[in-house]
Structures are given as structure tokens and as C-alpha cells.
>>> print(open('work-v9.txt').read())   # compact mmCIF, C-alpha atoms
# COMPACT_ATOMS: atom_id res chain seq x y z
CA MET A 30 53.22 88.64 143.61
CA ALA A 31 49.91 90.45 143.27
CA ALA A 32 49.55 89.04 139.75
CA LEU A 33 48.66 85.70 141.30
CA ARG A 34 45.32 87.23 142.28
CA MET A 35 44.65 89.05 139.01
CA LYS A 36 42.22 88.02 136.27
CA LYS A 37 44.68 88.72 133.45
CA ASN A 38 48.39 88.11 133.05
CA LEU A 39 50.65 90.93 134.25
CA THR A 40 53.53 92.53 132.34
CA VAL A 41 55.79 95.04 134.11
CA ASN A 42 58.11 97.09 131.89
CA MET A 43 61.13 98.39 133.77
CA THR A 44 63.16 101.46 132.89
CA SER A 45 66.91 101.30 132.44
CA GLY A 46 68.90 101.80 135.62
CA MET A 47 66.19 100.28 137.79
CA PRO A 48 67.43 100.62 141.40
CA SER A 49 67.70 97.56 143.65
CA LEU A 50 67.32 95.19 140.70
CA PRO A 51 68.67 92.17 142.65
CA TYR A 52 65.68 92.42 145.01
CA ILE A 53 63.30 92.20 142.05
CA LYS A 54 65.27 89.30 140.58
CA MET A 55 65.26 87.55 143.97
CA THR A 56 61.46 87.74 144.07
CA ALA A 57 61.15 86.36 140.53
CA ASP A 58 63.66 83.56 141.21
CA LEU A 59 61.89 82.52 144.39
CA MET A 60 58.52 82.46 142.60
CA LYS A 61 60.08 80.20 139.95
CA ARG A 62 61.38 77.87 142.65
CA LEU A 63 57.80 77.62 143.89
CA ARG A 64 56.75 76.52 140.37
CA LEU A 65 55.00 79.77 139.51
CA LYS A 66 55.11 80.96 135.92
CA VAL A 67 57.36 84.00 135.81
CA GLU A 68 59.56 85.38 133.04
CA PHE A 69 62.23 87.88 134.08
CA SER A 70 64.70 90.07 132.21
CA ARG A 71 66.39 93.39 133.00
CA SER A 72 63.66 95.22 131.11
CA GLN A 73 60.50 93.21 131.71
CA ILE A 74 58.68 90.85 134.07
CA LYS A 75 55.78 88.66 132.98
CA VAL A 76 53.65 86.79 135.51
CA GLU A 77 50.82 84.43 134.68
CA ALA A 78 47.65 85.35 136.52
CA ALA A 79 46.48 82.44 138.65
CA GLN A 80 45.73 81.57 142.23
CA PRO A 81 48.13 78.71 142.90
CA ASP A 82 46.71 75.48 144.22
CA LEU A 83 50.02 74.29 145.62
CA ASP A 84 51.40 73.22 148.98
CA TRP A 85 54.88 74.63 149.63
CA THR A 86 57.56 73.66 152.09
CA TYR A 87 60.47 76.03 151.66
CA ASN A 88 63.51 76.72 153.82
CA VAL A 89 63.90 80.50 153.72
CA GLU A 90 67.48 81.77 153.46
CA LYS A 91 69.00 83.64 156.36
CA ASP A 92 69.23 87.38 155.79
CA PHE A 93 72.53 88.65 154.37
CA SER A 94 71.49 92.25 155.06
CA ALA A 95 71.28 91.45 158.78
CA ALA A 96 74.47 89.39 158.64
CA SER A 97 76.36 92.29 157.06
CA TYR A 98 76.59 94.12 160.41
CA TRP A 99 78.48 91.21 161.93
CA VAL A 100 80.83 91.16 158.95
CA ILE A 101 81.48 94.86 159.61
CA TYR A 102 82.08 94.02 163.27
CA ALA A 103 84.73 91.47 162.29
CA LEU A 104 86.43 93.94 159.96
CA ILE A 105 86.60 97.01 162.20
CA ASN A 106 87.59 95.00 165.29
CA ASN A 107 90.13 92.78 163.55
CA THR A 108 88.44 89.69 164.93
CA LYS A 109 86.76 86.48 163.82
CA VAL A 110 83.03 86.12 163.24
CA ILE A 111 81.22 82.92 162.24
CA LEU A 112 77.93 83.07 160.35
CA LYS A 113 76.12 79.75 160.58
CA ASN A 114 73.93 78.16 157.90
CA MET A 115 74.15 80.99 155.34
CA ASN A 116 73.44 80.10 151.71
CA VAL A 117 76.36 80.67 149.32
CA PRO A 118 75.63 81.29 146.52
CA SER A 119 72.54 83.17 147.63
CA LEU A 120 69.45 84.64 145.99
CA GLN A 121 70.28 87.84 147.87
CA GLY A 122 72.30 90.68 146.38
CA ASP A 123 73.69 91.59 149.82
CA GLU A 124 75.84 88.46 149.65
CA GLU A 125 78.19 91.03 148.09
CA ILE A 126 79.29 91.96 151.63
CA LEU A 127 81.62 88.95 151.50
CA ASN A 128 83.36 90.27 148.38
CA ILE A 129 83.66 93.69 149.97
CA ALA A 130 85.21 92.15 153.07
CA ASP A 131 87.71 90.38 150.84
CA THR A 132 88.43 93.65 149.03
CA VAL A 133 89.43 95.49 152.20
CA GLY A 134 91.66 92.64 153.38
CA ALA A 135 89.67 90.06 155.33
CA GLU A 136 90.05 86.30 154.97
CA ILE A 137 86.78 84.58 154.06
CA MET A 138 86.42 80.82 154.57
CA LEU A 139 83.34 79.06 153.16
CA TYR A 140 82.16 75.77 154.66
CA THR A 141 79.02 73.71 154.10
CA ASP A 142 77.51 74.85 157.39
CA ARG A 143 79.13 78.24 158.07
CA ILE A 144 81.10 81.23 156.83
CA GLU A 145 84.15 82.35 158.81
CA ILE A 146 85.31 85.95 158.48
CA ASN A 147 88.76 86.73 159.85
CA GLY A 148 88.51 90.47 160.00
CA LYS A 149 91.22 92.82 158.82
CA ILE A 150 91.30 96.17 157.04
CA SER A 151 94.34 96.89 154.92
CA ARG A 152 92.79 98.60 151.90
CA PRO A 153 90.08 101.19 151.13
CA PHE A 154 87.13 100.43 148.84
CA ASP A 155 85.47 102.04 145.84
CA ILE A 156 82.14 100.33 145.16
CA ASN A 157 79.16 100.67 142.85
CA CYS A 158 76.25 100.40 145.32
CA GLU A 159 73.39 100.50 142.80
CA ASN A 160 72.50 96.86 143.42
CA THR A 161 73.24 96.77 147.15
CA PRO A 162 71.71 99.95 148.65
CA ASP A 163 70.93 98.36 152.02
CA LEU A 164 74.65 97.84 152.62
CA VAL A 165 75.53 101.53 152.31
CA PRO A 166 74.96 102.60 155.96
CA ALA A 167 77.16 99.76 157.19
CA LEU A 168 79.76 100.53 154.53
CA GLY A 169 79.76 104.15 155.66
CA VAL A 170 80.78 102.95 159.13
CA LEU A 171 83.37 100.57 157.69
CA ALA A 172 84.89 103.48 155.76
CA LEU A 173 85.56 105.34 159.04
CA PHE A 174 88.24 102.78 159.86
CA CYS A 175 89.85 102.27 156.44
CA PRO A 176 93.39 103.51 155.72
CA SER A 177 92.25 106.14 153.20
CA SER A 178 89.10 107.61 151.66
CA CYS A 179 86.34 105.26 150.44
CA ARG A 180 83.77 105.87 147.71
CA MET A 181 80.21 104.55 147.43
CA ARG A 182 78.85 105.25 143.95
CA ASN A 183 75.26 105.32 142.61
CA VAL A 184 73.63 105.95 145.97
CA LYS A 185 71.10 108.68 145.09
CA TYR A 186 68.12 106.40 145.72
CA LEU A 187 69.09 106.23 149.39
CA GLU A 188 67.49 109.65 149.79
CA PHE A 189 64.11 107.88 149.61
CA LYS A 190 64.51 104.98 152.03
CA GLU A 191 63.16 104.83 155.60
CA SER A 192 65.17 108.00 156.05
CA ASN A 193 67.32 110.08 153.75
CA ARG A 194 70.19 107.72 154.44
CA ILE A 195 72.79 109.89 152.75
CA GLN A 196 71.92 112.79 155.03
CA ALA A 197 71.63 110.49 158.05
CA LEU A 198 75.08 109.05 157.40
CA GLN A 199 76.68 112.43 156.81
CA ASP A 200 75.05 114.03 159.85
CA ASN A 201 76.15 111.24 162.17
CA ILE A 202 79.63 110.97 160.70
CA LYS A 203 80.06 114.71 161.33
CA GLN A 204 78.58 114.34 164.83
CA ILE A 205 81.28 111.85 165.86
CA GLY A 206 84.10 113.89 164.35
CA GLY A 207 84.29 112.34 160.90
CA LYS A 208 84.28 113.86 157.44
CA SER A 209 82.33 112.98 154.30
CA GLU A 210 81.28 114.44 150.97
CA TYR A 211 78.32 113.77 148.68
CA LYS A 212 78.67 114.92 145.09
CA ASP A 213 77.57 113.63 141.67
CA ASP A 214 75.85 110.55 143.13
CA VAL A 215 78.99 109.53 145.03
CA LEU A 216 79.33 109.42 148.81
CA THR A 217 82.96 109.67 149.96
CA VAL A 218 84.07 109.10 153.54
CA PHE A 219 87.44 110.42 154.71
CA PRO A 220 88.77 108.47 157.71
CA GLN A 221 90.06 110.48 160.67
CA LYS A 222 92.66 109.58 163.29
CA SER A 223 90.13 109.66 166.12
CA TYR A 224 86.40 110.03 166.77
CA ARG A 225 84.25 111.12 169.70
CA GLY A 226 81.26 109.46 171.32
CA LYS A 227 77.98 111.29 170.77
CA VAL A 228 74.27 110.62 170.55
CA VAL A 229 73.56 109.14 167.10
CA ASP A 230 70.27 110.19 165.52
CA THR A 231 68.84 107.09 163.83
CA PHE A 232 66.07 109.08 162.10
CA ASP A 233 63.95 106.09 163.15
CA ASP A 234 65.81 104.01 160.55
CA HIS A 235 66.81 100.45 161.46
CA ARG A 236 69.88 100.35 159.20
CA ILE A 237 71.29 103.58 160.58
CA ALA A 238 70.81 102.26 164.13
CA MET A 239 72.53 98.91 163.51
CA SER A 240 75.38 100.47 161.54
CA PHE A 241 76.31 102.99 164.22
CA ALA A 242 75.91 100.34 166.91
CA MET A 243 78.87 98.67 165.21
CA ALA A 244 80.75 101.98 165.21
CA GLY A 245 80.16 102.03 168.97
CA THR A 246 82.27 98.89 169.35
CA ARG A 247 85.27 101.03 168.39
CA ILE A 248 84.23 104.50 169.57
CA SER A 249 83.49 104.94 173.28
CA ASP A 250 80.29 106.59 174.50
CA ILE A 251 78.20 106.36 171.34
CA ILE A 252 74.50 106.39 172.24
CA VAL A 253 71.96 105.17 169.66
CA ASP A 254 68.75 107.21 169.74
CA LYS A 255 65.41 105.40 169.20
CA PRO A 256 66.98 101.92 169.28
CA ASP A 257 63.66 100.10 168.88
CA CYS A 258 63.58 100.99 165.18
CA VAL A 259 65.65 97.84 164.56
CA ASN A 260 62.44 95.85 165.07
CA LYS A 261 61.53 96.46 161.43
CA SER A 262 64.06 93.93 160.14
CA TYR A 263 65.99 92.47 163.09
CA PRO A 264 63.97 92.37 166.36
CA GLY A 265 66.66 90.37 168.15
CA PHE A 266 69.51 92.70 167.20
CA TRP A 267 70.14 94.29 170.59
CA LYS A 268 70.07 90.94 172.39
CA ASP A 269 72.55 89.51 169.89
CA PHE A 270 74.64 92.65 170.22
CA SER A 271 74.67 92.44 174.02
CA ASP A 272 75.43 88.71 173.99
CA TRP A 273 78.31 89.25 171.59
CA GLN A 274 79.74 92.04 173.71
CA ASP A 275 79.61 89.74 176.76
CA VAL A 276 81.49 87.06 174.83
CA GLN A 277 84.21 89.55 173.89
CA LYS A 278 84.54 90.69 177.53
CA ASP A 279 84.92 87.09 178.67
CA LYS A 280 87.76 86.69 176.16
CA GLY A 281 89.48 89.61 177.84
>>> encode(input="work-v9.txt", output="C-alpha cells")
Amino acid sequence: MAALRMKKNLTVNMTSGMPSLPYIKMTADLMKRLRLKVEFSRSQIKVEAAQPDLDWTYNVEKDFSAASYWVIYALINNTKVILKNMNVPSLQGDEEILNIADTVGAEIMLYTDRIEINGKISRPFDINCENTPDLVPALGVLALFCPSSCRMRNVKYLEFKESNRIQALQDNIKQIGGKSEYKDDVLTVFPQKSYRGKVVDTFDDHRIAMSFAMAGTRISDIIVDKPDCVNKSYPGFWKDFSDWQDVQKDKG
């Protein structure tokens, strides 16, 4: 994006195994939709230097990363969640949460104006997370309630996010009575028969906070420390969470 303000064209050469590649591709694809001159491949990006003299009206997609927590809610509570006005197919790599939900046993129904997730967990998962790192904290919580151990592969870059998310996940899983292992770039979670409510340390990381909030819908007395960290990506999360809990209480 900065190339649009440069005096000369920009070329970015990317190494093999570039983490979070779908986020880079999403940026390039969106720039193309806005009629900017961008060439993208797995090894290189070229952007023509220019300050665009264009007027844009663009309907920004709803965030699949934020929506993923409600998919997890549907799965671990064996209930139905409706996501309104989500783009499928999407520019976003975290659309993969729908395939993961299908993998563990949910029923996914796609409509023109909504996605319906009928939550159910009947199978474990073994997933390459290289292209969907933001899903890993939520998947770690999902794994707590699967019928057998779950593996999240290629997660080493999570050590360098808003927190060391591998450590944050493992520490909190242990805190609530769970078990996990991190070895050779693979995080494995071993589901237990029961868990205990404890204070969850978010490490001031929004994704850790939202993920363990979902765990708290199944495990009594979980307290999320520093809850305001969700403001980074989802300022309305706690209101939505509270509203949803009220709806579930009204259903009995």
C-alpha cells in the first residue's frame, strides 16, 4: 500500500514459506478490485508507484476472524448459530473455519444472506495452520471438547504475535486442567473428561481473550483477565457475548 506514495515502482521478493500468505494475497486482491496496478505471485509482488486519483465506494467484507468465535460457540455447545451477510467465497483466509467446522462434524448451510452452522463435534482435527494463524487460539479451545487429540501444524510464527500465543494457549489450557504438547512446530491438545474454572491470563491479547470466553460457555467460573484487550479487533465483543448469553437463558 505504501508503494502508492513512492516515486518508483516497488517490487517485494518473498521467501518460500512466507507465513500468513492469504493476508498478503487479500491485500493485493483488494487493491486490484480498486483498479490499482498490482501483480502478485507466491514469490513476488509488484506495485506501480502512483497516487491514485480515484473515488471508491466499496462494501468491506465482514470479518471471518471475528466470526470464527461464534462458529466455535456453535460447535462446543452443540447449538445453531447464524452469521448474517458473510461473503462466501471470501477474500479472507479465515473463511477456512467453515471447512474446519465441517471436518469435526457440523452441518454448514450457505444462503445468499446468511450462513447457518448447526454445531456438533464428532471427530478430531489435524490441520495445517500456516495460512490461518489467527484461528489457532480458537481452535485450541475447540480441541478441548473433541473426542480425541487434535493437532495444529506449522504454528511457530504464533510465538511472535500480540503475545506468544503458543505459550498463552498452553499456560491457560494447563490452568483449567487441560493437557497440551508443543513439539516440532506442532501444537497438540489432549481433551480431558472435565475442566475447572480459573482466571485466564489473556497476556493482553485479544484472540486469547475471545477464545477462552468461548471456553467459559462450557466451563463454569472462568474469569478472563484484562478483557478490554478485545478492543483491538472486536470492540463490541463483550456486548455481543452478553446478548447471546441472555438469548440462550431465555431459551431455557
>>> closest_residue(input="work-v9.txt", among="A:Ile237, A:Leu120, A:Ile126, A:Cys158", to="Val259 of chain A", atoms="only C-alpha atoms")
A:Ile237
>>> closest_residue(input="work-v9.txt", among="A:Ser262, A:Val67, A:Asp155, A:Ile74", to="Phe93 of chain A", atoms="all atoms listed in the file")
A:Ser262
>>> closest_atom_pairs(input="work-v9.txt", of="segment 148-170 of chain A", to="segment 50-55 of chain A", cutoff="10 Å", atoms="all atoms listed in the file", output="tab-separated table")
residue	atom	partner	partner_atom	distance
A:Glu159	CA	A:Leu50	CA	8.3
A:Asn160	CA	A:Leu50	CA	6.1
A:Thr161	CA	A:Pro51	CA	7.9
>>> atom_distance(input="work-v9.txt", atom1="atom CA of Tyr224 of chain A", atom2="atom CA of Ile248 of chain A")
6.6 Å
>>> closest_residue(input="work-v9.txt", among="A:Thr231, A:Thr141, A:Ser97, A:Thr86", to="Val117 of chain A", atoms="all atoms listed in the file")
A:Thr141
>>> residues_around(input="work-v9.txt", residues="Leu112 of chain A", least_positions_apart="5", cutoff="8 Å", atoms="only C-alpha atoms", output="list in words")
Ala96, Arg143, Ile144 and Glu145 of chain A
>>> closest_atom_pairs(input="work-v9.txt", of="segment 79-162 of chain A", to="segment 172-185 of chain A", cutoff="12 Å", atoms="only C-alpha atoms", output="tab-separated table")
residue	atom	partner	partner_atom	distance
A:Ile101	CA	A:Ala172	CA	10.0
A:Tyr102	CA	A:Phe174	CA	11.2
A:Leu104	CA	A:Phe174	CA	9.0
A:Ile105	CA	A:Phe174	CA	6.4
A:Asn106	CA	A:Phe174	CA	9.5
A:Asn107	CA	A:Phe174	CA	10.8
A:Ile129	CA	A:Ala172	CA	11.4
A:Ala130	CA	A:Cys175	CA	11.6
A:Thr132	CA	A:Cys175	CA	11.5
A:Val133	CA	A:Cys175	CA	8.0
A:Gly134	CA	A:Cys175	CA	10.3
A:Lys149	CA	A:Cys175	CA	9.8
A:Ile150	CA	A:Cys175	CA	6.3
A:Ser151	CA	A:Pro176	CA	6.7
A:Arg152	CA	A:Pro176	CA	6.2
A:Pro153	CA	A:Cys175	CA	5.4
A:Phe154	CA	A:Cys179	CA	5.1
A:Asp155	CA	A:Arg180	CA	4.6
A:Ile156	CA	A:Met181	CA	5.2
A:Asn157	CA	A:Arg182	CA	4.7
A:Cys158	CA	A:Arg182	CA	5.7
A:Glu159	CA	A:Asn183	CA	5.2
A:Asn160	CA	A:Asn183	CA	8.9
A:Thr161	CA	A:Val184	CA	9.3
A:Pro162	CA	A:Val184	CA	6.8
>>> closest_residue(input="work-v9.txt", among="A:Val276, A:Leu63, A:Val215, A:Val100", to="Asp82 of chain A", atoms="all atoms listed in the file")
A:Leu63
>>> atom_distance(input="work-v9.txt", atom1="atom CA of Ser223 of chain A", atom2="atom CA of Arg236 of chain A")
23.3 Å
>>> atom_distance(input="work-v9.txt", atom1="atom CA of Ser72 of chain A", atom2="atom CA of Ser94 of chain A")
25.4 Å
>>> closest_residue(input="work-v9.txt", among="A:Leu39, A:Ala103, A:Val76, A:Leu59", to="Gln277 of chain A", atoms="only C-alpha atoms")
A:Ala103
>>> closest_residue(input="work-v9.txt", among="A:Ile251, A:Cys258, A:Met60, A:Met138", to="Ser192 of chain A", atoms="only C-alpha atoms")
A:Cys258
>>> residues_around(input="work-v9.txt", residues="Ile252 of chain A", least_positions_apart="2", cutoff="9 Å", atoms="all atoms listed in the file", output="PDB file with C-alpha atoms, in the coordinates of the input")
ATOM      1  CA  GLY A 226      81.260 109.460 171.320  1.00  0.00           C
ATOM      2  CA  LYS A 227      77.980 111.290 170.770  1.00  0.00           C
ATOM      3  CA  VAL A 228      74.270 110.620 170.550  1.00  0.00           C
ATOM      4  CA  VAL A 229      73.560 109.140 167.100  1.00  0.00           C
ATOM      5  CA  ASP A 230      70.270 110.190 165.520  1.00  0.00           C
ATOM      6  CA  PHE A 241      76.310 102.990 164.220  1.00  0.00           C
ATOM      7  CA  ALA A 242      75.910 100.340 166.910  1.00  0.00           C
ATOM      8  CA  GLY A 245      80.160 102.030 168.970  1.00  0.00           C
ATOM      9  CA  ASP A 250      80.290 106.590 174.500  1.00  0.00           C
ATOM     10  CA  ASP A 254      68.750 107.210 169.740  1.00  0.00           C
TER      11      ASP A 254
END
>>> build_atoms(input="work-v9.txt", residues="segment 199-218 of chain A", atoms="N, CA and C atoms", output="compact mmCIF listing (two decimals), keeping the file's coordinate frame")
# COMPACT_ATOMS: atom_id res chain seq x y z
N GLN A 199 75.81 111.26 156.73
CA GLN A 199 76.68 112.43 156.81
C GLN A 199 76.52 113.16 158.13
N ASP A 200 75.29 113.33 158.59
CA ASP A 200 75.05 114.03 159.85
C ASP A 200 75.73 113.32 161.01
N ASN A 201 75.59 111.99 161.05
CA ASN A 201 76.15 111.24 162.17
C ASN A 201 77.67 111.11 162.08
N ILE A 202 78.17 111.00 160.87
CA ILE A 202 79.63 110.97 160.70
C ILE A 202 80.23 112.29 161.20
N LYS A 203 79.59 113.40 160.85
CA LYS A 203 80.06 114.71 161.33
C LYS A 203 79.93 114.80 162.85
N GLN A 204 78.85 114.28 163.40
CA GLN A 204 78.58 114.34 164.83
C GLN A 204 79.70 113.67 165.63
N ILE A 205 80.24 112.58 165.12
CA ILE A 205 81.28 111.85 165.86
C ILE A 205 82.69 112.29 165.48
N GLY A 206 82.78 113.35 164.68
CA GLY A 206 84.10 113.89 164.35
C GLY A 206 84.68 113.39 163.04
N GLY A 207 83.84 112.82 162.20
CA GLY A 207 84.29 112.34 160.90
C GLY A 207 84.06 113.35 159.80
N LYS A 208 84.41 112.97 158.58
CA LYS A 208 84.28 113.86 157.44
C LYS A 208 83.79 113.06 156.24
N SER A 209 82.84 113.64 155.51
CA SER A 209 82.33 112.98 154.30
C SER A 209 81.95 114.04 153.28
N GLU A 210 81.69 113.55 152.06
CA GLU A 210 81.28 114.44 150.97
C GLU A 210 80.32 113.69 150.06
N TYR A 211 79.25 114.37 149.64
CA TYR A 211 78.32 113.77 148.68
C TYR A 211 78.25 114.68 147.47
N LYS A 212 78.63 114.12 146.32
CA LYS A 212 78.67 114.92 145.09
C LYS A 212 78.55 113.99 143.90
N ASP A 213 77.71 114.38 142.94
CA ASP A 213 77.57 113.63 141.67
C ASP A 213 77.26 112.16 141.92
N ASP A 214 76.32 111.91 142.85
CA ASP A 214 75.85 110.55 143.13
C ASP A 214 76.93 109.66 143.75
N VAL A 215 77.92 110.28 144.37
CA VAL A 215 78.99 109.53 145.03
C VAL A 215 79.14 110.03 146.47
N LEU A 216 79.08 109.11 147.41
CA LEU A 216 79.33 109.42 148.81
C LEU A 216 80.75 108.99 149.15
N THR A 217 81.56 109.94 149.60
CA THR A 217 82.96 109.67 149.96
C THR A 217 83.14 109.91 151.45
N VAL A 218 83.77 108.97 152.12
CA VAL A 218 84.07 109.10 153.54
C VAL A 218 85.57 109.18 153.71
